[in-house]
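Source file: target.cif (mmCIF, C-alpha atoms)
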data_input
loop_
_atom_site.label_atom_id
_atom_site.label_comp_id
_atom_site.auth_asym_id
_atom_site.auth_seq_id
_atom_site.Cartn_x
_atom_site.Cartn_y
_atom_site.Cartn_z
CA MET U 759 182.26 76.30 78.95
CA ILE U 760 180.32 75.15 82.03
CA ILE U 761 182.48 73.20 84.46
CA SER U 762 180.85 70.55 86.63
CA TRP U 763 182.48 70.42 90.05
CA ARG U 764 180.82 67.22 91.18
CA PRO U 765 182.90 64.05 91.55
CA LEU U 766 182.92 61.46 88.78
CA ASP U 767 180.13 58.84 88.80
CA HIS U 768 181.03 55.16 88.73
CA ALA U 769 178.81 54.57 85.70
CA GLU U 770 180.55 57.42 83.88
CA TYR U 771 183.95 55.98 84.74
CA ARG U 772 182.94 52.51 83.54
CA ALA U 773 181.58 54.00 80.30
CA SER U 774 184.85 55.79 79.53
CA SER U 775 187.01 53.93 77.03
CA TRP U 776 189.50 56.73 76.64
CA PHE U 777 191.49 58.57 79.30
CA PRO U 778 193.38 61.31 77.41
CA GLY U 779 194.93 62.72 80.57
CA LEU U 780 196.88 59.49 81.08
CA THR U 781 198.49 59.92 77.67
CA GLY U 782 199.77 63.34 78.70
CA LEU U 783 201.01 61.84 81.95
CA ARG U 784 203.09 59.35 79.96
CA ALA U 785 204.60 62.27 78.07
CA LEU U 786 205.73 63.94 81.29
CA ALA U 787 207.11 60.67 82.65
CA ALA U 788 209.14 59.98 79.50
CA LEU U 789 210.52 63.51 79.36
CA ALA U 790 211.36 63.40 83.08
CA VAL U 791 213.53 60.33 82.50
CA VAL U 792 215.31 61.93 79.52
CA PHE U 793 215.93 65.13 81.48
CA PHE U 794 217.35 63.12 84.38
CA HIS U 795 219.76 61.23 82.12
CA TYR U 796 221.07 64.19 80.15
CA GLY U 797 220.09 67.38 81.97
CA GLY U 798 222.95 67.40 84.43
CA PRO U 799 222.87 69.30 87.75
CA VAL U 800 220.40 71.84 86.37
CA VAL U 801 217.51 69.38 86.60
CA ASP U 802 218.89 67.08 89.29
CA ARG U 803 216.34 68.29 91.84
CA LEU U 804 213.51 66.90 89.72
CA GLN U 805 214.84 63.34 90.22
CA GLY U 806 213.34 62.21 86.93
CA TRP U 807 214.72 58.69 87.30
CA ILE U 808 211.80 57.73 89.51
CA ALA U 809 209.27 58.60 86.79
CA VAL U 810 209.84 55.06 85.49
CA GLN U 811 207.74 53.99 88.48
CA LEU U 812 204.95 56.18 87.14
CA PHE U 813 205.16 54.15 83.92
CA PHE U 814 204.86 50.96 85.96
CA VAL U 815 201.80 52.18 87.89
CA LEU U 816 200.20 53.28 84.62
CA SER U 817 200.95 49.91 83.02
CA GLY U 818 199.41 47.98 85.89
CA PHE U 819 196.28 50.13 85.71
CA LEU U 820 196.00 49.98 81.93
CA ILE U 821 196.39 46.23 81.58
CA THR U 822 194.00 45.40 84.42
CA THR U 823 191.17 47.80 83.57
CA PRO U 824 190.44 46.43 80.07
CA ALA U 825 190.78 42.85 81.32
CA LEU U 826 188.14 43.47 83.99
CA ARG U 827 185.84 45.14 81.48
CA GLU U 828 186.34 42.30 79.04
CA GLU U 829 185.40 39.87 81.78
CA ASP U 830 182.19 41.79 82.50
CA ARG U 831 181.35 42.07 78.81
CA ASP U 832 182.23 38.59 77.56
CA GLY U 833 182.20 36.54 80.75
CA ARG U 834 185.87 35.67 80.33
CA ILE U 835 189.35 37.15 79.84
CA SER U 836 191.14 36.11 76.67
CA LEU U 837 194.76 35.37 77.48
CA ARG U 838 195.50 34.86 73.80
CA GLY U 839 194.11 38.27 72.96
CA PHE U 840 196.08 39.91 75.74
CA TYR U 841 199.39 38.31 74.82
CA VAL U 842 199.00 38.96 71.09
CA ARG U 843 198.25 42.63 71.71
CA ARG U 844 201.22 42.97 74.07
CA VAL U 845 203.60 41.26 71.65
CA PHE U 846 202.73 43.57 68.79
CA ARG U 847 202.68 46.63 71.04
CA ILE U 848 206.05 46.09 72.71
CA MET U 849 208.35 43.91 70.66
CA PRO U 850 208.54 45.52 67.18
CA VAL U 851 209.97 48.84 68.40
CA HIS U 852 212.21 47.14 70.96
CA PHE U 853 213.82 44.76 68.50
CA LEU U 854 214.05 47.33 65.72
CA LEU U 855 215.96 49.78 67.94
CA LEU U 856 218.13 46.95 69.23
CA GLY U 857 218.80 45.95 65.63
CA LEU U 858 219.81 49.52 64.79
CA THR U 859 221.96 49.93 67.89
CA ALA U 860 224.08 46.81 67.30
CA PRO U 861 225.42 47.78 63.82
CA ALA U 862 225.86 51.41 64.91
CA VAL U 863 228.20 50.49 67.77
CA THR U 864 229.88 47.89 65.57
CA LEU U 865 230.71 50.53 62.97
CA ALA U 866 231.98 52.73 65.79
CA GLY U 867 234.27 49.87 66.89
CA THR U 868 232.77 49.69 70.39
CA TYR U 869 230.59 46.58 70.17
CA GLN U 870 232.75 44.65 72.63
CA SER U 871 234.10 47.52 74.71
CA SER U 872 230.56 48.78 75.33
CA ARG U 873 229.66 45.24 76.46
CA LEU U 874 226.64 45.21 74.18
CA GLY U 875 227.83 41.83 72.96
CA ASP U 876 227.82 40.47 76.51
CA ALA U 877 224.34 41.86 77.11
CA MET U 878 222.82 40.74 73.79
CA PRO U 879 221.52 37.35 75.03
CA CYS U 880 219.66 39.17 77.81
CA TYR U 881 218.27 41.75 75.40
CA LEU U 882 217.02 39.06 73.05
CA THR U 883 215.24 37.15 75.83
CA PHE U 884 213.93 40.05 77.92
CA PHE U 885 216.28 39.67 80.85
CA ASN U 886 217.63 43.19 80.32
CA GLU U 887 217.18 44.14 83.97
CA VAL U 888 219.87 41.71 85.14
CA VAL U 889 222.55 43.49 83.07
CA ASP U 890 224.46 45.35 85.77
CA TYR U 891 226.62 47.53 83.52
CA ASN U 892 226.06 50.36 81.08
CA THR U 893 225.46 49.49 77.43
CA PRO U 894 224.31 51.54 74.43
CA TYR U 895 220.71 50.34 75.04
CA PRO U 896 220.27 50.73 78.81
CA THR U 897 216.70 52.00 79.11
CA SER U 898 215.18 48.76 77.85
CA TRP U 899 215.56 47.18 81.31
CA SER U 900 212.08 48.38 82.25
CA LEU U 901 210.56 46.41 79.36
CA SER U 902 211.91 43.19 80.82
CA VAL U 903 210.27 43.93 84.17
CA GLU U 904 206.95 44.62 82.49
CA GLU U 905 207.11 41.62 80.16
CA LYS U 906 207.60 39.20 83.05
CA PHE U 907 204.74 40.81 84.91
CA TYR U 908 202.53 40.51 81.83
CA LEU U 909 203.12 36.76 81.83
CA GLY U 910 201.79 36.30 85.35
CA TRP U 911 199.17 38.89 86.25
CA PRO U 912 196.61 38.26 83.44
CA ALA U 913 196.88 34.52 84.08
CA LEU U 914 196.18 35.20 87.75
CA LEU U 915 193.07 37.19 86.79
CA VAL U 916 191.87 34.25 84.70
CA LEU U 917 192.50 31.77 87.50
CA THR U 918 190.53 33.88 89.98
CA SER U 919 187.71 34.59 87.51
CA PHE U 920 186.12 31.27 88.44
CA ALA U 921 185.43 32.40 92.01
CA ARG U 922 181.66 32.60 92.46
CA THR U 923 181.73 35.18 95.25
CA GLY U 924 184.26 37.66 96.57
CA LYS U 925 186.23 37.71 93.32
CA THR U 926 187.40 41.31 93.67
CA ALA U 927 188.22 40.82 97.35
CA LEU U 928 190.30 37.74 96.48
CA ARG U 929 192.22 39.62 93.80
CA LEU U 930 192.78 42.59 96.09
CA LEU U 931 194.03 40.24 98.78
CA ILE U 932 196.47 38.56 96.39
CA GLY U 933 197.68 41.94 95.12
CA ALA U 934 198.05 43.31 98.64
CA GLY U 935 200.00 40.17 99.56
CA ALA U 936 202.33 40.78 96.63
CA VAL U 937 202.93 44.37 97.73
CA GLY U 938 203.49 43.11 101.27
CA GLY U 939 206.07 40.67 99.94
CA VAL U 940 207.87 43.51 98.17
CA LEU U 941 207.92 45.54 101.37
CA GLY U 942 209.18 42.51 103.23
CA VAL U 943 212.28 42.18 101.05
CA LEU U 944 213.06 45.92 101.06
CA PRO U 945 215.59 45.60 103.93
CA LEU U 946 217.58 43.24 101.68
CA ALA U 947 217.31 45.43 98.58
CA PRO U 948 220.36 47.68 99.12
CA SER U 949 222.72 44.69 98.95
CA HIS U 950 220.82 42.14 96.85
CA GLN U 951 220.06 42.70 93.16
CA TRP U 952 216.99 40.47 93.02
CA ALA U 953 215.51 42.13 96.09
CA SER U 954 215.98 45.50 94.38
CA LEU U 955 214.25 44.24 91.24
CA THR U 956 211.13 43.22 93.17
CA VAL U 957 210.53 46.87 94.04
CA HIS U 958 209.52 47.55 90.43
CA TYR U 959 206.94 44.76 90.48
CA GLY U 960 205.45 46.41 93.53
CA SER U 961 204.74 49.55 91.49
CA LEU U 962 203.04 47.47 88.80
CA VAL U 963 200.87 45.76 91.41
CA VAL U 964 199.89 49.13 92.90
CA GLY U 965 198.51 50.10 89.47
CA CYS U 966 196.63 46.80 89.28
CA LEU U 967 195.14 47.30 92.74
CA LEU U 968 193.97 50.76 91.71
CA ALA U 969 192.24 49.30 88.64
CA LEU U 970 190.52 46.66 90.79
CA ALA U 971 189.38 49.26 93.29
CA LEU U 972 187.99 51.67 90.69
CA HIS U 973 186.24 48.88 88.81
CA HIS U 974 184.25 47.81 91.87
CA PRO U 975 181.45 50.13 93.05
CA ARG U 976 182.56 50.06 96.70
CA GLY U 977 186.19 50.66 95.89
CA PHE U 978 185.23 53.50 93.56
CA ALA U 979 183.11 55.05 96.30
CA VAL U 980 186.15 55.20 98.58
CA LEU U 981 188.26 57.00 95.97
CA ARG U 982 185.45 59.06 94.41
CA PRO U 983 186.09 62.23 96.49
CA LEU U 984 189.46 62.53 94.72
CA THR U 985 187.69 62.82 91.35
CA SER U 986 186.16 66.22 92.03
CA PRO U 987 188.02 68.91 90.08
CA ALA U 988 189.06 70.77 93.24
CA ALA U 989 190.41 67.62 94.90
CA ALA U 990 192.12 66.60 91.67
CA VAL U 991 194.03 69.89 91.61
CA LEU U 992 195.15 69.38 95.22
CA VAL U 993 196.26 65.81 94.45
CA ALA U 994 198.22 66.99 91.42
CA LEU U 995 199.93 69.71 93.45
CA GLY U 996 200.68 67.19 96.17
CA PHE U 997 202.28 64.88 93.64
CA CYS U 998 204.46 67.75 92.38
CA VAL U 999 205.63 68.26 95.96
CA LEU U 1000 206.33 64.53 96.24
CA GLN U 1001 208.35 64.63 93.01
CA LEU U 1002 210.47 67.49 94.35
CA SER U 1003 210.87 65.67 97.68
CA VAL U 1004 212.24 62.41 96.26
CA LYS U 1005 215.86 63.22 97.00
CA PRO U 1006 215.41 64.50 100.59
CA LEU U 1007 212.98 61.64 101.27
CA GLY U 1008 215.60 59.16 100.08
CA GLN U 1009 218.20 60.76 102.30
CA ALA U 1010 215.82 60.56 105.26
CA LEU U 1011 215.36 56.83 104.54
CA GLY U 1012 219.06 56.09 104.66
CA GLY U 1013 219.94 57.07 101.11
CA TYR U 1014 218.35 53.99 99.52
CA TRP U 1015 216.15 54.64 96.49
CA GLN U 1016 214.31 51.34 97.00
CA PHE U 1017 212.59 52.68 100.11
CA VAL U 1018 211.27 55.74 98.26
CA VAL U 1019 209.65 53.78 95.43
CA PRO U 1020 206.60 52.40 97.35
CA VAL U 1021 205.75 55.87 98.63
CA TYR U 1022 206.05 57.28 95.12
CA ALA U 1023 203.96 54.46 93.63
CA VAL U 1024 201.08 55.17 96.02
CA GLY U 1025 201.32 58.88 95.18
CA ALA U 1026 201.25 58.02 91.47
CA ALA U 1027 198.14 55.87 91.97
CA LEU U 1028 196.33 58.75 93.68
CA LEU U 1029 197.40 61.02 90.83
CA LEU U 1030 195.86 58.61 88.32
CA VAL U 1031 192.53 58.91 90.10
CA ALA U 1032 192.73 62.68 89.75
CA VAL U 1033 193.72 62.46 86.10
CA VAL U 1034 190.82 60.26 84.96
CA ALA U 1035 188.34 62.76 86.41
CA ARG U 1036 187.07 65.80 84.55
CA GLY U 1037 188.53 69.16 85.39
CA PRO U 1038 191.60 71.37 84.91
CA VAL U 1039 194.14 68.62 85.63
CA ARG U 1040 192.79 66.39 82.90
CA ARG U 1041 192.43 69.30 80.47
CA LEU U 1042 196.05 70.28 81.01
CA LEU U 1043 197.36 66.75 80.54
CA ALA U 1044 195.06 66.20 77.55
CA SER U 1045 196.44 69.24 75.74
CA ARG U 1046 197.62 68.67 72.18
CA PRO U 1047 201.36 69.01 72.83
CA LEU U 1048 201.30 66.53 75.72
CA THR U 1049 199.08 63.99 73.97
CA PHE U 1050 201.28 64.27 70.88
CA VAL U 1051 204.36 63.41 72.93
CA GLY U 1052 202.43 60.87 75.00
CA HIS U 1053 201.42 58.85 71.97
CA ARG U 1054 205.10 58.60 71.10
CA SER U 1055 206.43 58.24 74.65
CA TYR U 1056 207.29 54.53 74.39
CA ALA U 1057 209.51 54.98 71.34
CA LEU U 1058 210.89 58.26 72.70
CA TYR U 1059 211.90 56.53 75.93
CA LEU U 1060 213.75 53.76 74.08
CA ALA U 1061 215.31 56.06 71.49
CA GLN U 1062 216.80 58.51 73.98
CA THR U 1063 220.23 56.85 74.20
CA GLY U 1064 220.74 56.87 70.45
CA ALA U 1065 219.51 60.45 70.25
CA ALA U 1066 221.92 61.46 73.03
CA GLY U 1067 224.76 59.85 71.10
CA MET U 1068 224.00 62.14 68.19
CA THR U 1069 223.53 65.35 70.18
CA GLY U 1070 226.56 64.55 72.34
CA LEU U 1071 228.80 65.12 69.35
CA LEU U 1072 228.02 68.83 69.59
CA LEU U 1073 226.67 69.52 73.07
CA PRO U 1074 227.93 68.70 76.57
CA THR U 1075 225.62 67.51 79.32
CA GLY U 1076 223.24 70.26 80.32
CA LEU U 1077 219.98 71.95 79.47
CA ALA U 1078 220.83 72.53 75.80
CA LYS U 1079 221.77 68.88 75.33
CA VAL U 1080 218.67 67.49 77.02
CA VAL U 1081 216.36 69.71 74.97
CA ALA U 1082 218.13 68.70 71.77
CA THR U 1083 218.13 65.04 72.81
CA SER U 1084 214.41 65.14 73.55
CA ALA U 1085 213.74 66.73 70.17
CA VAL U 1086 215.82 64.18 68.26
CA ALA U 1087 214.30 61.26 70.21
CA LEU U 1088 210.82 62.64 69.49
CA LEU U 1089 211.67 62.84 65.80
CA PHE U 1090 212.71 59.17 65.87
CA ALA U 1091 209.55 58.35 67.79
CA CYS U 1092 207.35 60.02 65.18
CA GLY U 1093 208.80 57.80 62.48
CA LEU U 1094 208.59 54.69 64.63
CA ARG U 1095 204.97 55.38 65.52
CA ARG U 1096 203.92 55.90 61.92
CA TRP U 1097 205.83 53.07 60.28
CA VAL U 1098 206.25 50.53 63.07
CA GLU U 1099 203.98 50.98 66.11
CA LEU U 1100 200.64 51.71 64.48
CA PRO U 1101 200.95 49.05 61.75
CA ALA U 1102 202.08 46.46 64.33
CA VAL U 1103 199.25 47.32 66.76
CA ALA U 1104 196.72 47.17 63.92
CA PHE U 1105 198.05 43.81 62.79
CA GLY U 1106 197.87 42.44 66.32
CA ARG U 1107 194.30 43.64 66.66
CA ARG U 1108 193.33 41.98 63.39
CA LEU U 1109 194.82 38.72 64.64
CA VAL U 1110 192.66 38.93 67.76
CA THR U 1111 189.37 40.28 66.44
CA GLY U 1112 189.58 40.40 62.67
CA GLU U 1113 188.78 44.11 62.89
CA ARG U 1114 190.85 46.81 61.31
CA ALA U 1115 192.17 49.24 63.92
CA PRO U 1116 191.39 52.92 63.31
CA ALA U 1117 194.23 54.84 61.72
CA GLY U 1118 196.05 57.35 63.94
CA GLY U 1119 194.32 58.67 67.05
CA ARG U 1120 193.20 56.50 69.87
CA GLN U 1121 195.62 53.63 69.94
CA GLY U 1122 197.77 55.11 72.66
CA PRO U 1123 198.32 53.68 76.10
CA ALA U 1124 195.24 55.31 77.62
CA ARG U 1125 192.76 53.27 75.58
CA VAL U 1126 191.02 50.71 77.76
CA LYS U 1127 188.72 48.88 75.34
#

Using the file provided, produce a representation of the structure as structure tokens.
Amino acid sequence: MIISWRPLDHAEYRASSWFPGLTGLRALAALAVVFFHYGGPVVDRLQGWIAVQLFFVLSGFLITTPALREEDRDGRISLRGFYVRRVFRIMPVHFLLLGLTAPAVTLAGTYQSSRLGDAMPCYLTFFNEVVDYNTPYPTSWSLSVEEKFYLGWPALLVLTSFARTGKTALRLLIGAGAVGGVLGVLPLAPSHQWASLTVHYGSLVVGCLLALALHHPRGFAVLRPLTSPAAAVLVALGFCVLQLSVKPLGQALGGYWQFVVPVYAVGAALLLVAVVARGPVRRLLASRPLTFVGHRSYALYLAQTGAAGMTGLLLPTGLAKVVATSAVALLFACGLRRWVELPAVAFGRRLVTGERAPAGGRQGPARVK
């Protein structure tokens, strides 16, 4: 195989409707979170909790890129199409797992003691992130952050689409202002819950800003050097160093995780540039095992608590438990993808376009058309 070592062309980037490396990246992010929750001290150095921010950066990039391409193709962004696709992508698995969790803890006699009953109104209305106590369905908090962001950002793109000149500059300015607002409230974050929550929106906006930059020829030209295979390898290695440095970096910043998140989000954005380019980084992340897990990463992420409840009956916290938990969660995710996710996504697509979505394959999070 002949490897081209030249950077990616903007036309080639714009023509790509499928970024398989991003699917593998989702797999690593999901597994990092599971390993953090159930791996114990053995994997504590990896600080997998912050990989949720990688999900946020990916989400911002992957909702903005297709919207911008739709605008170029059709002259407009369909809010109805966006919201219908999001509803059928996110809600079926979320509500099904919530519906399975509630009777399970009821049968165990812990519905009230686990405070799932107290949290249920928030879970039903996507205010999960304001629940400040542990429940049997804790990981769904990130969905609530994303869902609120999905309500505002596409509408903002539509509102700014009527600008005759400087449209991208206007959007970048608004996004940069949002990130600046997040940084402005960071000093309050350690003692104020709402200030802490805004940090997550900052990561989403960073992903959106990356999509805006790569979509525009001038912005792409600035980031293009990172798309050469050699530079991509260096960026990936640098991100690995950043991942291993999360804990000491947090300690250097006063022990507050909120201050680490913006640094990590920027590093994740640079990693995304490296991943969309051709070369060894993309090939590694597009490998069959990682894409297999990546396609099921959403359900795996949500199913991890239930899976841990099952493996916890036999295994204590540690490497054996986290491997078993990941395997059980992946098994759940395979069933959910086949019988819930893919049919729901296909139904949502038919509602929008009347077209039947292709079975299997390229309906994962890295599809941008």

List the neighbours of Ile821 of chain U out to 9 Å using all atoms listed in the file; skip same-chain residues closer than 6 positions along the sequence, and give me the result as an mmCIF file with C-alpha atoms, keeping the file's coordinate frame.
data_model
loop_
_atom_site.group_PDB
_atom_site.id
_atom_site.type_symbol
_atom_site.label_atom_id
_atom_site.label_comp_id
_atom_site.auth_asym_id
_atom_site.auth_seq_id
_atom_site.Cartn_x
_atom_site.Cartn_y
_atom_site.Cartn_z
ATOM 1 C CA PHE U 840 196.080 39.910 75.740
ATOM 2 C CA TYR U 908 202.530 40.510 81.830
ATOM 3 C CA PRO U 912 196.610 38.260 83.440
ATOM 4 C CA CYS U 966 196.630 46.800 89.280
ATOM 5 C CA ALA U 969 192.240 49.300 88.640
ATOM 6 C CA VAL U 1126 191.020 50.710 77.760
#

Looking at U:Val980, U:Ala994, U:Leu1011, U:Leu972, which one is nearest to Pro945 of chain U, with distances taken over only C-alpha atoms?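 Ranking U:Val980, U:Ala994, U:Leu1011, U:Leu972 by distance to Pro945 of chain U, first place goes to U:Leu1011.
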
Go through segment 779-865 of chain U and flag each residue having an atom no more than 7 Å from segment 1026-1043 of chain U; for those, report the closest pair of atoms plus their distance in Å to one decimal, using all atoms listed in the file, ordered by chain and rising number, as a Markdown table.
| residue | atom | partner | partner_atom | distance |
| --- | --- | --- | --- | --- |
| U:Gly779 | CA | U:Leu1043 | CA | 4.7 |
| U:Leu780 | CA | U:Val1033 | CA | 6.6 |
| U:Gly782 | CA | U:Leu1043 | CA | 4.6 |
| U:Leu783 | CA | U:Leu1043 | CA | 6.3 |
| U:Leu812 | CA | U:Ala1026 | CA | 6.0 |
| U:Val815 | CA | U:Ala1027 | CA | 6.6 |

Neighbours of Ser774 of chain U within 12 Å (all atoms listed in the file; same-chain residues fewer than 2 positions away dropped), as a list in words? Leu766, Asp767, His768, Ala769, Glu770, Tyr771, Arg772, Trp776, Phe777, Pro778, Thr823, Pro824, Arg827, His973, Val1034, Ala1035, Arg1036, Ala1124, Arg1125, Val1126 and Lys1127 of chain U

Which is closer to Leu858 of chain U than all the others in U:Leu967, U:Pro894, U:Gly938, U:Ala1010, using all atoms listed in the file?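 Of U:Leu967, U:Pro894, U:Gly938, U:Ala1010, the one nearest Leu858 of chain U is U:Pro894, counting all atoms listed in the file.
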
Using only C-alpha atoms, can you tell me which of U:Ala773, U:Ala1023, U:Ala862, U:Ala1065 comes closest to Leu1089 of chain U?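 Closest residue, counting only C-alpha atoms: U:Ala1065.
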
Going by the chain IDs and residue numbers used in this file, which residues fall under the PyMOL selection byres ((chain U and resi 794) around 10)? Write them as a list of chain:residue names.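 Those residues are U:Leu789, U:Ala790, U:Val791, U:Val792, U:Phe793, U:His795, U:Tyr796, U:Gly797, U:Gly798, U:Pro799, U:Val800, U:Val801, U:Asp802, U:Arg803, U:Leu804, U:Gln805, U:Gly806, U:Trp807, U:Ile808, U:Ala809, U:Val1080.
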